[in-house]
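*Asks:* Sharing upload19.pdb, PDB, C-alpha atoms:
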ATOM      1  CA  MET A 242     -18.028   0.697 -14.352
ATOM      2  CA  SER A 243     -20.378  -1.960 -15.741
ATOM      3  CA  ARG A 244     -17.685  -4.566 -15.060
ATOM      4  CA  ARG A 245     -17.688  -3.691 -11.374
ATOM      5  CA  LEU A 246     -21.472  -3.725 -11.173
ATOM      6  CA  ARG A 247     -21.975  -7.051 -12.940
ATOM      7  CA  GLY A 248     -19.542  -9.170 -11.026
ATOM      8  CA  ARG A 249     -18.231  -7.090  -8.152
ATOM      9  CA  ALA A 250     -21.109  -5.786  -6.140
ATOM     10  CA  ALA A 251     -19.366  -4.479  -3.062
ATOM     11  CA  GLY A 252     -16.168  -2.829  -2.014
ATOM     12  CA  LEU A 253     -14.657  -3.996   1.226
ATOM     13  CA  ALA A 254     -13.844  -1.022   3.419
ATOM     14  CA  VAL A 255     -16.231  -0.816   6.330
ATOM     15  CA  ALA A 256     -18.024   2.505   6.683
ATOM     16  CA  GLY A 257     -20.019   2.878   9.852
ATOM     17  CA  THR A 258     -22.064  -0.316   9.738
ATOM     18  CA  ALA A 259     -22.140  -1.046   6.013
ATOM     19  CA  LEU A 260     -20.028  -2.095   3.088
ATOM     20  CA  VAL A 261     -19.023   0.494   0.525
ATOM     21  CA  ILE A 262     -21.228  -0.388  -2.436
ATOM     22  CA  ALA A 263     -20.082   0.330  -5.963
ATOM     23  CA  ALA A 264     -22.350   2.891  -7.644
ATOM     24  CA  PRO A 265     -22.786   3.926 -11.283
ATOM     25  CA  ILE A 266     -20.882   6.955 -12.508
ATOM     26  CA  PRO A 267     -21.899   9.321 -15.294
ATOM     27  CA  ALA A 268     -20.801   8.369 -18.798
ATOM     28  CA  THR A 269     -19.696  11.930 -19.472
ATOM     29  CA  ALA A 270     -16.038  12.704 -18.918
ATOM     30  CA  VAL A 271     -14.752  15.547 -16.799
ATOM     31  CA  VAL A 272     -13.025  18.197 -18.912
ATOM     32  CA  GLY A 273      -9.269  17.715 -18.703
ATOM     33  CA  GLN A 274      -9.616  14.291 -17.126
ATOM     34  CA  ALA A 275      -8.123  12.322 -20.031
ATOM     35  CA  SER A 276      -5.171  14.650 -20.484
ATOM     36  CA  ALA A 277      -4.391  14.575 -16.751
ATOM     37  CA  ALA A 278      -4.445  10.799 -16.719
ATOM     38  CA  SER A 279      -2.230  10.508 -19.763
ATOM     39  CA  ALA A 280       0.211  13.053 -18.337
ATOM     40  CA  ASP A 281       0.640  11.128 -15.074
ATOM     41  CA  PRO A 282      -1.100   7.775 -14.501
ATOM     42  CA  VAL A 283      -0.411   7.973 -10.752
ATOM     43  CA  SER A 284      -2.253  10.176  -8.271
ATOM     44  CA  VAL A 285      -0.594  10.904  -4.924
ATOM     45  CA  LEU A 286      -2.151  12.086  -1.661
ATOM     46  CA  LYS A 287       0.231  13.663   0.848
ATOM     47  CA  TYR A 288      -0.205  14.222   4.561
ATOM     48  CA  THR A 289       1.604  16.983   6.447
ATOM     49  CA  ALA A 290       3.852  16.339   9.429
ATOM     50  CA  GLN A 291       1.174  17.775  11.702
ATOM     51  CA  GLU A 292      -1.518  15.564  10.185
ATOM     52  CA  ARG A 293       0.664  12.492  10.707
ATOM     53  CA  GLN A 294       1.331  13.397  14.331
ATOM     54  CA  GLU A 295      -2.385  13.925  14.885
ATOM     55  CA  ALA A 296      -3.151  10.554  13.271
ATOM     56  CA  LEU A 297      -0.845   8.734  15.676
ATOM     57  CA  ALA A 298      -2.376  10.557  18.640
ATOM     58  CA  TYR A 299      -5.898   9.866  17.400
ATOM     59  CA  TRP A 300      -5.546   6.095  17.042
ATOM     60  CA  THR A 301      -5.191   5.106  20.678
ATOM     61  CA  PRO A 302      -5.444   1.407  21.630
ATOM     62  CA  ALA A 303      -8.933   2.087  22.956
ATOM     63  CA  ARG A 304     -10.069   3.651  19.684
ATOM     64  CA  MET A 305      -8.634   0.743  17.686
ATOM     65  CA  LYS A 306     -10.622  -1.688  19.824
ATOM     66  CA  ALA A 307     -13.778   0.407  19.671
ATOM     67  CA  VAL A 308     -13.963   0.655  15.877
ATOM     68  CA  GLY A 309     -14.276  -3.118  15.518
ATOM     69  CA  LYS A 310     -17.130  -3.250  17.995
ATOM     70  CA  SER A 311     -19.034  -0.682  15.932
ATOM     71  CA  VAL A 312     -19.370  -2.999  12.917
ATOM     72  CA  ASP A 313     -20.936  -6.459  12.611
ATOM     73  CA  LEU A 314     -21.228  -7.874   9.096
ATOM     74  CA  GLY A 315     -22.602 -11.235  10.164
ATOM     75  CA  PRO A 316     -20.939 -14.535  10.968
ATOM     76  CA  THR A 317     -17.548 -15.454   9.549
ATOM     77  CA  GLY A 318     -18.084 -17.808   6.616
ATOM     78  CA  PRO A 319     -16.701 -21.327   6.266
ATOM     79  CA  LYS A 320     -14.008 -20.388   3.736
ATOM     80  CA  ALA A 321     -12.306 -17.796   5.970
ATOM     81  CA  LYS A 322     -10.277 -19.409   8.737
ATOM     82  CA  PRO A 323      -8.516 -17.660  11.629
ATOM     83  CA  TRP A 324      -4.776 -17.632  10.953
ATOM     84  CA  ARG A 325      -3.059 -19.678  13.653
ATOM     85  CA  GLY A 326       0.373 -20.041  12.056
ATOM     86  CA  THR A 327       3.523 -17.991  12.466
ATOM     87  CA  THR A 328       2.896 -14.312  13.194
ATOM     88  CA  LEU A 329       2.586 -12.398   9.935
ATOM     89  CA  LYS A 330       4.598  -9.351  10.921
ATOM     90  CA  THR A 331       4.170  -7.819   7.457
ATOM     91  CA  VAL A 332       0.342  -7.816   7.495
ATOM     92  CA  GLY A 333      -1.605  -5.355   9.596
ATOM     93  CA  ARG A 334      -4.669  -3.212  10.065
ATOM     94  CA  LEU A 335      -4.800   0.125   8.302
ATOM     95  CA  PHE A 336      -6.854   2.500  10.449
ATOM     96  CA  PHE A 337      -8.259   5.761   9.084
ATOM     97  CA  VAL A 338     -11.135   8.235   9.128
ATOM     98  CA  ASN A 339     -13.115   8.001   5.891
ATOM     99  CA  ALA A 340     -14.584  10.757   3.743
ATOM    100  CA  ASN A 341     -17.812  10.613   5.793
ATOM    101  CA  GLY A 342     -15.905  11.267   9.024
ATOM    102  CA  ALA A 343     -16.307   7.687  10.319
ATOM    103  CA  ASP A 344     -13.568   5.664  12.010
ATOM    104  CA  THR A 345     -12.865   2.526   9.999
ATOM    105  CA  TRP A 346     -10.130   0.191   8.761
ATOM    106  CA  CYS A 347      -8.725  -1.886   5.944
ATOM    107  CA  THR A 348      -5.907  -4.424   5.730
ATOM    108  CA  ALA A 349      -2.441  -3.706   4.300
ATOM    109  CA  THR A 350       0.983  -5.303   3.801
ATOM    110  CA  ALA A 351       4.580  -4.165   4.233
ATOM    111  CA  VAL A 352       6.561  -4.947   1.074
ATOM    112  CA  LYS A 353      10.171  -4.901  -0.037
ATOM    113  CA  SER A 354      11.052  -1.443  -1.345
ATOM    114  CA  ASP A 355      13.942   0.919  -1.978
ATOM    115  CA  ASN A 356      12.942   3.182   0.911
ATOM    116  CA  ARG A 357      12.030   0.264   3.225
ATOM    117  CA  SER A 358       8.772   2.113   3.920
ATOM    118  CA  ALA A 359       6.191   0.914   1.347
ATOM    119  CA  VAL A 360       2.829  -0.671   2.113
ATOM    120  CA  MET A 361       0.313  -2.124  -0.367
ATOM    121  CA  THR A 362      -3.469  -1.939  -0.013
ATOM    122  CA  ALA A 363      -6.611  -1.184  -2.051
ATOM    123  CA  ALA A 364      -7.266   2.227  -3.602
ATOM    124  CA  HIS A 365     -10.729   2.418  -2.043
ATOM    125  CA  CYS A 366      -8.978   2.345   1.340
ATOM    126  CA  VAL A 367      -7.358   5.654   0.375
ATOM    127  CA  ARG A 368     -10.047   7.518  -1.513
ATOM    128  CA  ARG A 369     -13.533   7.094  -2.905
ATOM    129  CA  GLY A 370     -13.557   6.074  -6.547
ATOM    130  CA  SER A 371     -14.694   8.570  -9.216
ATOM    131  CA  SER A 372     -14.728  11.310  -6.593
ATOM    132  CA  PRO A 373     -11.386  13.155  -6.412
ATOM    133  CA  GLY A 374     -12.322  15.248  -3.386
ATOM    134  CA  ASN A 375     -13.390  12.360  -1.146
ATOM    135  CA  THR A 376     -10.167  11.200   0.493
ATOM    136  CA  ASN A 377      -9.412   9.472   3.782
ATOM    137  CA  ILE A 378      -7.420  11.028   6.626
ATOM    138  CA  SER A 379      -5.711  10.105   9.916
ATOM    139  CA  MET A 380      -4.238   6.965   8.391
ATOM    140  CA  VAL A 381      -1.903   4.658  10.335
ATOM    141  CA  PHE A 382      -0.576   1.170   9.620
ATOM    142  CA  VAL A 383      -0.350  -1.264  12.542
ATOM    143  CA  PRO A 384       1.568  -4.403  11.504
ATOM    144  CA  ALA A 385       0.654  -7.721  13.138
ATOM    145  CA  TYR A 386      -2.310  -6.160  14.971
ATOM    146  CA  SER A 387      -4.121  -8.787  17.052
ATOM    147  CA  LYS A 388      -6.794  -8.496  19.732
ATOM    148  CA  GLY A 389      -5.946  -4.947  20.709
ATOM    149  CA  LYS A 390      -2.201  -5.432  20.650
ATOM    150  CA  ALA A 391       0.185  -3.543  18.351
ATOM    151  CA  PRO A 392       3.464  -5.438  18.910
ATOM    152  CA  TYR A 393       5.439  -3.347  16.400
ATOM    153  CA  GLY A 394       3.776  -0.016  17.009
ATOM    154  CA  ALA A 395       1.980   2.236  14.516
ATOM    155  CA  PHE A 396       3.372   3.873  11.379
ATOM    156  CA  ALA A 397       1.797   7.100  10.125
ATOM    157  CA  VAL A 398       1.070   7.221   6.396
ATOM    158  CA  ARG A 399       3.061  10.018   4.742
ATOM    159  CA  SER A 400       1.698   9.620   1.225
ATOM    160  CA  ALA A 401      -0.653   7.350  -0.724
ATOM    161  CA  ALA A 402      -0.241   6.625  -4.438
ATOM    162  CA  SER A 403      -3.026   5.112  -6.528
ATOM    163  CA  PRO A 404      -3.893   4.846 -10.227
ATOM    164  CA  ARG A 405      -5.426   8.042 -11.544
ATOM    165  CA  THR A 406      -8.049   5.865 -13.210
ATOM    166  CA  TRP A 407      -9.342   4.987  -9.729
ATOM    167  CA  GLU A 408      -9.704   8.664  -8.860
ATOM    168  CA  THR A 409     -11.550   9.426 -12.127
ATOM    169  CA  ASP A 410     -13.225   6.171 -13.171
ATOM    170  CA  SER A 411     -13.197   3.665 -10.257
ATOM    171  CA  THR A 412     -10.913   1.238 -12.094
ATOM    172  CA  ASN A 413      -7.677  -0.460 -10.977
ATOM    173  CA  ASP A 414      -8.350  -0.720  -7.251
ATOM    174  CA  MET A 415      -4.867  -0.847  -5.720
ATOM    175  CA  SER A 416      -2.677   1.570  -3.818
ATOM    176  CA  ALA A 417       0.848   1.876  -2.442
ATOM    177  CA  LEU A 418       1.535   3.868   0.710
ATOM    178  CA  THR A 419       4.714   5.384   2.085
ATOM    179  CA  VAL A 420       4.917   5.422   5.869
ATOM    180  CA  ASP A 421       7.033   7.335   8.351
ATOM    181  CA  SER A 422       9.644   5.676  10.530
ATOM    182  CA  ASP A 423       8.428   4.483  13.915
ATOM    183  CA  LYS A 424       8.815   6.365  17.198
ATOM    184  CA  ASN A 425      12.340   4.967  17.513
ATOM    185  CA  GLY A 426      13.343   6.201  14.078
ATOM    186  CA  LYS A 427      13.338   2.732  12.497
ATOM    187  CA  LYS A 428      11.997   2.147   9.001
ATOM    188  CA  LEU A 429       9.054  -0.214   8.567
ATOM    189  CA  THR A 430      10.661  -3.186   6.843
ATOM    190  CA  ASP A 431      13.715  -2.960   9.100
ATOM    191  CA  VAL A 432      11.243  -3.720  11.898
ATOM    192  CA  VAL A 433       8.842  -6.267  10.343
ATOM    193  CA  GLY A 434      10.380  -7.326   7.032
ATOM    194  CA  GLY A 435       8.639  -7.059   3.667
ATOM    195  CA  GLN A 436       6.864  -9.345   1.229
ATOM    196  CA  ALA A 437       8.175  -9.646  -2.332
ATOM    197  CA  VAL A 438       5.945  -8.040  -4.994
ATOM    198  CA  ALA A 439       5.295  -9.262  -8.544
ATOM    199  CA  PHE A 440       3.778  -7.477 -11.539
ATOM    200  CA  ASN A 441       2.666  -8.812 -14.928
ATOM    201  CA  ARG A 442       2.351 -12.276 -13.406
ATOM    202  CA  PRO A 443       0.072 -14.769 -15.189
ATOM    203  CA  VAL A 444      -3.165 -15.376 -13.259
ATOM    204  CA  GLY A 445      -3.337 -18.783 -11.600
ATOM    205  CA  GLY A 446      -1.892 -20.946  -8.884
ATOM    206  CA  THR A 447      -2.735 -21.228  -5.199
ATOM    207  CA  ILE A 448      -3.321 -17.931  -3.423
ATOM    208  CA  SER A 449      -3.458 -17.229   0.313
ATOM    209  CA  SER A 450      -5.541 -14.136   0.985
ATOM    210  CA  PHE A 451      -5.516 -12.454   4.388
ATOM    211  CA  GLY A 452      -7.708  -9.805   5.980
ATOM    212  CA  TYR A 453      -9.178  -8.306   9.151
ATOM    213  CA  SER A 454     -12.791  -9.025   8.253
ATOM    214  CA  ALA A 455     -15.585  -7.294  10.201
ATOM    215  CA  THR A 456     -17.394 -10.606  10.659
ATOM    216  CA  ARG A 457     -18.060 -12.197  14.000
ATOM    217  CA  PRO A 458     -16.688 -13.413  16.263
ATOM    218  CA  GLN A 459     -13.453 -11.718  15.132
ATOM    219  CA  LEU A 460     -14.879  -8.254  14.240
ATOM    220  CA  GLY A 461     -11.537  -7.134  12.830
ATOM    221  CA  GLU A 462      -9.529  -8.183  15.883
ATOM    222  CA  GLU A 463      -7.971 -11.277  14.301
ATOM    223  CA  LEU A 464      -6.444 -12.075  10.937
ATOM    224  CA  LEU A 465      -8.426 -14.432   8.683
ATOM    225  CA  ARG A 466      -7.146 -16.441   5.720
ATOM    226  CA  CYS A 467      -8.726 -17.827   2.556
ATOM    227  CA  VAL A 468      -6.932 -20.271   0.250
ATOM    228  CA  GLY A 469      -7.904 -20.926  -3.356
ATOM    229  CA  THR A 470      -6.863 -21.091  -6.977
ATOM    230  CA  ALA A 471      -6.907 -17.754  -8.789
ATOM    231  CA  LYS A 472      -8.923 -17.601 -12.009
ATOM    232  CA  LYS A 473      -9.494 -14.829 -14.519
ATOM    233  CA  GLU A 474     -12.932 -13.232 -14.367
ATOM    234  CA  ASN A 475     -14.270 -10.015 -15.933
ATOM    235  CA  GLY A 476     -10.810  -8.581 -16.456
ATOM    236  CA  THR A 477      -9.755  -9.266 -12.865
ATOM    237  CA  GLN A 478      -8.883 -12.384 -10.887
ATOM    238  CA  ALA A 479     -10.984 -14.216  -8.335
ATOM    239  CA  ILE A 480     -10.566 -16.782  -5.580
ATOM    240  CA  PRO A 481     -13.150 -18.562  -3.412
ATOM    241  CA  CYS A 482     -13.433 -16.476  -0.243
ATOM    242  CA  ASP A 483     -16.124 -15.155   2.104
ATOM    243  CA  MET A 484     -14.244 -12.484   4.035
ATOM    244  CA  SER A 485     -16.137  -9.208   4.118
ATOM    245  CA  GLY A 486     -15.668  -5.513   4.939
ATOM    246  CA  GLY A 487     -12.403  -4.689   6.700
ATOM    247  CA  SER A 488     -10.461  -7.253   4.673
ATOM    248  CA  SER A 489     -10.051  -4.695   1.866
ATOM    249  CA  GLY A 490      -6.456  -4.300   0.772
ATOM    250  CA  GLY A 491      -5.391  -7.568   2.365
ATOM    251  CA  PRO A 492      -2.618  -9.435   0.548
ATOM    252  CA  TRP A 493      -2.881 -12.097  -2.108
ATOM    253  CA  LEU A 494       0.261 -14.145  -1.534
ATOM    254  CA  ALA A 495       1.403 -16.685  -4.106
ATOM    255  CA  ASP A 496       3.884 -19.397  -3.119
ATOM    256  CA  PHE A 497       3.026 -18.748   0.514
ATOM    257  CA  ASN A 498       5.238 -20.558   3.022
ATOM    258  CA  THR A 499       3.275 -21.266   6.193
ATOM    259  CA  THR A 500       6.476 -21.704   8.194
ATOM    260  CA  THR A 501       8.179 -18.437   7.259
ATOM    261  CA  GLY A 502       5.020 -16.404   6.596
ATOM    262  CA  LYS A 503       6.499 -15.203   3.305
ATOM    263  CA  GLY A 504       5.211 -15.327  -0.252
ATOM    264  CA  THR A 505       4.925 -13.088  -3.288
ATOM    265  CA  LEU A 506       2.306 -10.337  -3.294
ATOM    266  CA  VAL A 507       0.377 -10.479  -6.578
ATOM    267  CA  SER A 508      -2.796  -8.519  -5.726
ATOM    268  CA  VAL A 509      -4.962  -7.306  -2.830
ATOM    269  CA  ASN A 510      -8.557  -7.849  -1.746
ATOM    270  CA  SER A 511     -10.692  -5.475  -3.776
ATOM    271  CA  SER A 512     -14.361  -6.502  -3.910
ATOM    272  CA  LEU A 513     -16.939  -9.251  -3.466
ATOM    273  CA  ASP A 514     -19.426 -11.007  -5.695
ATOM    274  CA  SER A 515     -22.342 -10.192  -3.344
ATOM    275  CA  LEU A 516     -23.249  -9.130   0.183
ATOM    276  CA  THR A 517     -23.235 -12.845   1.017
ATOM    277  CA  PRO A 518     -19.853 -13.446  -0.558
ATOM    278  CA  THR A 519     -18.497 -16.583  -2.177
ATOM    279  CA  LYS A 520     -15.713 -14.937  -4.215
ATOM    280  CA  MET A 521     -13.053 -12.337  -3.594
ATOM    281  CA  TYR A 522     -11.758 -10.243  -6.501
ATOM    282  CA  GLY A 523      -8.348  -8.674  -6.966
ATOM    283  CA  GLU A 524      -6.886  -6.599  -9.755
ATOM    284  CA  VAL A 525      -4.379  -8.078 -12.191
ATOM    285  CA  TRP A 526      -1.290  -5.969 -11.556
ATOM    286  CA  GLY A 527       0.371  -4.647 -14.702
ATOM    287  CA  ALA A 528       2.346  -1.614 -15.812
ATOM    288  CA  THR A 529       0.234   0.981 -13.983
ATOM    289  CA  ALA A 530       0.380  -0.945 -10.706
ATOM    290  CA  LYS A 531       4.161  -1.080 -11.045
ATOM    291  CA  LYS A 532       4.270   2.707 -11.501
ATOM    292  CA  VAL A 533       2.141   3.178  -8.378
ATOM    293  CA  TYR A 534       4.477   0.945  -6.384
ATOM    294  CA  ASP A 535       7.550   2.709  -7.738
ATOM    295  CA  ARG A 536       6.134   6.073  -6.678
ATOM    296  CA  ALA A 537       5.663   4.801  -3.136
ATOM    297  CA  GLN A 538       9.070   3.131  -2.807
ATOM    298  CA  ARG A 539      10.768   6.368  -3.810
ATOM    299  CA  GLY A 540       8.580   8.549  -1.598
TER     300      GLY A 540
END
Translate this structure into structure tokens?
*Replies:*
Amino acid sequence: MSRRLRGRAAGLAVAGTALVIAAPIPATAVVGQASAASADPVSVLKYTAQERQEALAYWTPARMKAVGKSVDLGPTGPKAKPWRGTTLKTVGRLFFVNANGADTWCTATAVKSDNRSAVMTAAHCVRRGSSPGNTNISMVFVPAYSKGKAPYGAFAVRSAASPRTWETDSTNDMSALTVDSDKNGKKLTDVVGGQAVAFNRPVGGTISSFGYSATRPQLGEELLRCVGTAKKENGTQAIPCDMSGGSSGGPWLADFNTTTGKGTLVSVNSSLDSLTPTKMYGEVWGATAKKVYDRAQRG
């Protein structure tokens, strides 16, 4: 946890009117925690059919618009620019009710997968770290959300896989979701396509990071983009970026083509260097991240 506290002061999911701040956890281990993690490195949350139906009913267009107006994390910084290129059909807002009962959102990305239904985001968008009982509910993915419009509809989240180390120790902040088909019975990537995903990729190169930051004037209603060279830092990777809460889980795309809107997903927005951010951090995806993704693409 010291790594997160030294260089990564804040998580990025908006909660009410504040960022989720990383907090120390006890050094003592929970009995059975190590054996559970070694037995299965992936933890999976599942939502019932009724819960998914209720989530879709809950997130009306009016509610989606209202949640952005409830949060203002200051002016959008100079590094984060509104995305004005081709519509990124694969990137969207991930709406949910957090463990405190507050409406909020993250950012997420549709990816290529066996079941054509996988979405990548940050683990703290699914559950609170080091707190197994604090999980989010009423979760829906809205690809290409923009200014109140959901051009490809909403997809209810059926299950959410994340590293067990996030659940027990707040490490490895990434998650892979499996979503239902849309109201017409079509699978997600048949509707919007999917980004390629890479694991065990060397850190470096130019990264385009996207997110629905809760900074003004956008307040989560428009997609922002940061561009920078990824560098290793404190066991993670970092790029220059000043997006804030709400951009959590947004994609890090290497080899991004501005014409096609496609690249290779190599990480997601995880945390910031401070409440007045200059850097965005993302996990380096290795073997555990691949197992999380595999669980979602077979779900």
*Asks:* Considering all atoms listed in the file, state which residue in the set A:Ser284, A:Ser358, A:Asn475, A:Thr447 is at the smallest distance from Leu429 in chain A.
*Replies:*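 The shortest atom-to-atom distance to Leu429 in chain A comes from A:Ser358.
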*Asks:* When you look at Ala537 in chain A with a cut-off of 7 Å (counting only C-alpha atoms), what residues show up, excluding the ones that are within fewer than 6 positions of it in the same chain? I need them as a list in words.
*Replies:* Ala359, Ala402, Ala417, Leu418 and Thr419 of chain A
*Asks:* What would the file look like if the residues just selected were written as a short mmCIF file (atom, residue, chain, number, x, y, z; two decimals), in the frame of the given file with C-alpha atoms?
*Replies:*
data_model
loop_
_atom_site.label_atom_id
_atom_site.label_comp_id
_atom_site.auth_asym_id
_atom_site.auth_seq_id
_atom_site.Cartn_x
_atom_site.Cartn_y
_atom_site.Cartn_z
CA ALA A 359 6.19 0.91 1.35
CA ALA A 402 -0.24 6.62 -4.44
CA ALA A 417 0.85 1.88 -2.44
CA LEU A 418 1.54 3.87 0.71
CA THR A 419 4.71 5.38 2.08
#
*Asks:* Rank nothing, just name the residue among A:Lys353, A:Arg334, A:Lys472, A:Lys310 nearest to Val444 in chain A, using only C-alpha atoms.
*Replies:* A:Lys472
*Asks:* Could you give me, as a tab-separated table, every range 307-382 of chain A residue with an atom at most 10 Å from range 509-522 of chain A, plus its closest atom pair and distance in Å to one decimal, counting all atoms listed in the file, rows ordered by chain then number?
*Replies:*
residue	atom	partner	partner_atom	distance
A:Leu314	CA	A:Leu516	CA	9.2
A:Gly315	CA	A:Thr517	CA	9.3
A:Gly318	CA	A:Pro518	CA	8.6
A:Pro319	CA	A:Thr519	CA	9.8
A:Lys320	CA	A:Thr519	CA	8.3
A:Cys347	CA	A:Asn510	CA	9.7
A:Thr348	CA	A:Asn510	CA	8.6
A:Ala349	CA	A:Val509	CA	8.4
A:Thr350	CA	A:Val509	CA	9.1
A:Met361	CA	A:Val509	CA	7.8
A:Thr362	CA	A:Val509	CA	6.2
A:Ala363	CA	A:Ser511	CA	6.2
A:Ala364	CA	A:Ser511	CA	8.4
A:His365	CA	A:Ser511	CA	8.1
A:Cys366	CA	A:Ser511	CA	9.5
*Asks:* Evaluate the PyMOL selection byres ((chain A and resi 433) around 9) and record the selected residues as a ChimeraX atom specification, following the chain and residue labels used in the document.
*Replies:* /A:329-331,351,384-385,393,429-432,434-435
*Asks:* When you look at Val283 in chain A with a cut-off of 7 Å (counting all atoms listed in the file), what residues show up, excluding the ones that are within fewer than 2 positions of it in the same chain? I need them as number ranges by chain.
*Replies:* A: 281, 285, 402-405, 533
*Asks:* Would you write out, as a list of chain:residue names, every residue that the PyMOL selection byres ((chain A and resi 289) around 12) captures in this file?
*Replies:*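 So the PyMOL selection byres ((chain A and resi 289) around 12), applied here, picks out A:Leu286, A:Lys287, A:Tyr288, A:Ala290, A:Gln291, A:Glu292, A:Arg293, A:Gln294, A:Glu295, A:Ala296, A:Ile378, A:Ser379, A:Met380, A:Ala397, A:Val398, A:Arg399, A:Ser400, A:Asp421.
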*Asks:* Neighbouring residues of Val525 in chain A were defined as those with any atom within 9 Å, considering only C-alpha atoms; residues of the same chain fewer than 6 positions away were excluded. Please report them as a list in words.
*Replies:* Asn413, Phe440, Asn441, Arg442, Pro443, Val444, Lys473, Gly476, Thr477, Gln478, Val507 and Ser508 of chain A
*Asks:* For C-alpha atoms, I'd like the residues from the last selection saved as a short mmCIF file (atom, residue, chain, number, x, y, z; two decimals), in the coordinates of the input.
*Replies:*
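What follows is the written file out18.cif:
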data_model
loop_
_atom_site.label_atom_id
_atom_site.label_comp_id
_atom_site.auth_asym_id
_atom_site.auth_seq_id
_atom_site.Cartn_x
_atom_site.Cartn_y
_atom_site.Cartn_z
CA ASN A 413 -7.68 -0.46 -10.98
CA PHE A 440 3.78 -7.48 -11.54
CA ASN A 441 2.67 -8.81 -14.93
CA ARG A 442 2.35 -12.28 -13.41
CA PRO A 443 0.07 -14.77 -15.19
CA VAL A 444 -3.16 -15.38 -13.26
CA LYS A 473 -9.49 -14.83 -14.52
CA GLY A 476 -10.81 -8.58 -16.46
CA THR A 477 -9.76 -9.27 -12.86
CA GLN A 478 -8.88 -12.38 -10.89
CA VAL A 507 0.38 -10.48 -6.58
CA SER A 508 -2.80 -8.52 -5.73
#
